[in-house]
$ cat data21.pdb   # PDB, C-alpha atoms
ATOM      1  CA  MET M  16      -5.396 -13.543 103.253
ATOM      2  CA  THR M  17      -8.916 -12.330 103.947
ATOM      3  CA  SER M  18     -11.890 -13.633 101.978
ATOM      4  CA  GLY M  19     -14.931 -11.440 102.137
ATOM      5  CA  VAL M  20     -16.767  -8.257 101.343
ATOM      6  CA  TYR M  21     -14.893  -4.959 101.229
ATOM      7  CA  GLY M  22     -15.674  -1.295 100.877
ATOM      8  CA  LEU M  23     -13.764   1.330  98.913
ATOM      9  CA  GLU M  24     -13.851   4.548 100.913
ATOM     10  CA  CYS M  25     -13.542   8.089  99.619
ATOM     11  CA  PRO M  26     -10.285   9.571 100.939
ATOM     12  CA  ASP M  27     -11.974  12.958 101.450
ATOM     13  CA  THR M  28     -15.147  11.905 103.268
ATOM     14  CA  GLY M  29     -14.438   8.413 104.610
ATOM     15  CA  ARG M  30     -17.765   7.254 103.158
ATOM     16  CA  VAL M  31     -17.942   3.876 101.414
ATOM     17  CA  ARG M  32     -18.580   4.525  97.716
ATOM     18  CA  TYR M  33     -18.338   0.934  96.463
ATOM     19  CA  VAL M  34     -18.839  -2.531  97.944
ATOM     20  CA  GLY M  35     -17.124  -5.528  96.366
ATOM     21  CA  ALA M  36     -16.157  -9.091  97.238
ATOM     22  CA  SER M  37     -12.979 -11.081  96.775
ATOM     23  CA  ARG M  38     -11.352 -14.351  97.776
ATOM     24  CA  ASN M  39      -8.296 -12.277  98.704
ATOM     25  CA  VAL M  40      -9.219  -8.749  99.754
ATOM     26  CA  GLU M  41      -5.610  -7.676 100.271
ATOM     27  CA  ALA M  42      -4.599  -8.815  96.772
ATOM     28  CA  LYS M  43      -7.652  -7.109  95.298
ATOM     29  CA  PHE M  44      -6.671  -3.828  96.909
ATOM     30  CA  ARG M  45      -3.091  -4.141  95.620
ATOM     31  CA  GLN M  46      -4.535  -4.786  92.155
ATOM     32  CA  ILE M  47      -6.736  -1.692  92.391
ATOM     33  CA  SER M  48      -3.882   0.429  93.756
ATOM     34  CA  GLU M  49      -1.321  -0.684  91.179
ATOM     35  CA  ARG M  50      -3.472  -0.533  88.059
ATOM     36  CA  PRO M  51      -2.613   2.065  85.458
ATOM     37  CA  TRP M  52      -5.943   3.926  85.555
ATOM     38  CA  ALA M  53      -5.129   5.995  82.510
ATOM     39  CA  PRO M  54      -7.951   6.279  79.985
ATOM     40  CA  GLY M  55      -7.783   3.605  77.318
ATOM     41  CA  VAL M  56      -5.982   1.032  79.472
ATOM     42  CA  ALA M  57      -7.867  -2.268  79.506
ATOM     43  CA  THR M  58      -8.917  -2.977  83.091
ATOM     44  CA  GLY M  59     -12.157  -4.910  82.764
ATOM     45  CA  TRP M  60     -14.097  -1.979  84.235
ATOM     46  CA  GLU M  61     -14.464   0.085  81.035
ATOM     47  CA  GLY M  62     -17.467   2.400  81.040
ATOM     48  CA  ASN M  63     -17.904   1.585  84.699
ATOM     49  CA  ARG M  64     -18.639   4.110  87.430
ATOM     50  CA  VAL M  65     -16.051   2.481  89.705
ATOM     51  CA  LYS M  66     -13.299   3.055  87.156
ATOM     52  CA  GLN M  67     -14.502   6.600  86.485
ATOM     53  CA  TRP M  68     -14.335   7.398  90.197
ATOM     54  CA  LEU M  69     -10.880   5.805  90.563
ATOM     55  CA  VAL M  70      -9.542   7.678  87.533
ATOM     56  CA  ALA M  71     -10.828  10.968  88.991
ATOM     57  CA  LEU M  72      -9.186  10.211  92.355
ATOM     58  CA  TYR M  73      -5.840   9.279  90.842
ATOM     59  CA  ARG M  74      -5.842  12.405  88.659
ATOM     60  CA  GLU M  75      -6.101  14.384  91.910
ATOM     61  CA  GLY M  76      -3.213  12.400  93.412
ATOM     62  CA  LYS M  77      -5.557  10.529  95.735
ATOM     63  CA  ALA M  78      -6.514   6.886  96.211
ATOM     64  CA  PRO M  79      -9.409   5.075  97.867
ATOM     65  CA  ARG M  80      -9.032   3.348 101.195
ATOM     66  CA  MET M  81     -10.227  -0.209 101.538
ATOM     67  CA  THR M  82     -11.927  -1.654 104.564
ATOM     68  CA  VAL M  83     -13.031  -5.235 105.167
ATOM     69  CA  LEU M  84     -16.750  -5.101 105.896
ATOM     70  CA  ASP M  85     -17.327  -8.821 106.451
ATOM     71  CA  GLU M  86     -15.153 -11.924 106.327
ATOM     72  CA  THR M  87     -17.012 -14.667 104.486
ATOM     73  CA  GLY M  88     -16.551 -17.536 102.089
ATOM     74  CA  GLU M  89     -17.050 -17.196  98.351
ATOM     75  CA  ASP M  90     -20.357 -19.093  98.589
ATOM     76  CA  GLN M  91     -21.772 -16.177 100.620
ATOM     77  CA  PHE M  92     -20.397 -13.266  98.535
ATOM     78  CA  ASP M  93     -23.627 -12.389  96.711
ATOM     79  CA  HIS M  94     -25.846 -12.491  99.789
ATOM     80  CA  VAL M  95     -23.470 -10.660 102.135
ATOM     81  CA  LYS M  96     -22.479  -8.062  99.528
ATOM     82  CA  ALA M  97     -26.139  -7.338  98.726
ATOM     83  CA  ALA M  98     -26.924  -6.895 102.420
ATOM     84  CA  TRP M  99     -24.050  -4.422 102.861
ATOM     85  CA  VAL M 100     -25.014  -2.464  99.740
ATOM     86  CA  ALA M 101     -28.649  -2.204 100.882
ATOM     87  CA  ALA M 102     -27.664  -1.089 104.387
ATOM     88  CA  LEU M 103     -25.116   1.466 103.188
ATOM     89  CA  GLN M 104     -27.377   2.893 100.492
ATOM     90  CA  LYS M 105     -29.891   3.815 103.197
ATOM     91  CA  THR M 106     -27.320   6.299 104.482
ATOM     92  CA  GLY M 107     -26.250   7.563 101.049
ATOM     93  CA  GLU M 108     -23.195   5.339 100.765
ATOM     94  CA  ALA M 109     -22.408   2.588  98.216
ATOM     95  CA  ASP M 110     -23.618   5.071  95.618
ATOM     96  CA  ILE M 111     -21.508   3.491  92.879
ATOM     97  CA  ASN M 112     -23.064   0.035  93.327
ATOM     98  CA  GLY M 113     -26.085  -0.838  91.258
ATOM     99  CA  GLY M 114     -25.290   1.286  88.235
ATOM    100  CA  GLY M 115     -22.293  -0.236  86.556
ATOM    101  CA  GLY M 116     -20.527  -1.042  89.808
TER     102      GLY M 116
END

$ encode --input "data21.pdb" --output "structure tokens"
Amino acid sequence: MTSGVYGLECPDTGRVRYVGASRNVEAKFRQISERPWAPGVATGWEGNRVKQWLVALYREGKAPRMTVLDETGEDQFDHVKAAWVAALQKTGEADINGGGG
């Protein structure tokens, strides 16, 4: 079980589109992978750019890849996640964060 900050990568480009944090990164990825991303299904990410991106991927028969960016405790999630988002956005990544992500 890994606690920390993770990135969801585009399967086509390998670029990190979203940065998140979880107490159990592996479980979070299973949750994302197993969710029924059909429109109208309650997921907690309604109207969210992350869900919109995931729905588009799954409609194309694709799925994001997850990578652990930093292992950290829950007390550091906000700080470490913000640092990763800022760094990645300088290179055009983490484009889903900051606008409903």

$ resolve_selection --input "data21.pdb" --expression "the PyMOL selection byres ((chain M and resi 27-39) around 7)" --output "PyMOL selection string"
chain M and resi 16-26+40-43+89+92+96+100+108-112

$ axis_aligned_box --input "data21.pdb" --around "segment 37-45 of chain M" --padding-each-side "5 Å" --output "lines of an AutoDock Vina configuration file"
center_x = -8.0
center_y = -9.1
center_z = 97.8
size_x = 19.9
size_y = 20.5
size_z = 15.0

$ atom_distance --input "data21.pdb" --atom1 "atom CA of Arg64 of chain M" --atom2 "atom CA of Phe44 of chain M"
17.2 Å

$ atom_distance --input "data21.pdb" --atom1 "atom CA of Pro79 of chain M" --atom2 "atom CA of Gln67 of chain M"
12.6 Å

$ resolve_selection --input "data21.pdb" --expression "the PyMOL selection byres ((chain M and resi 48) around 10)" --output "PyMOL selection string"
chain M and resi 42-47+49-52+69+73+78-80

$ atom_distance --input "data21.pdb" --atom1 "atom CA of Gly113 of chain M" --atom2 "atom CA of Glu75 of chain M"
25.1 Å
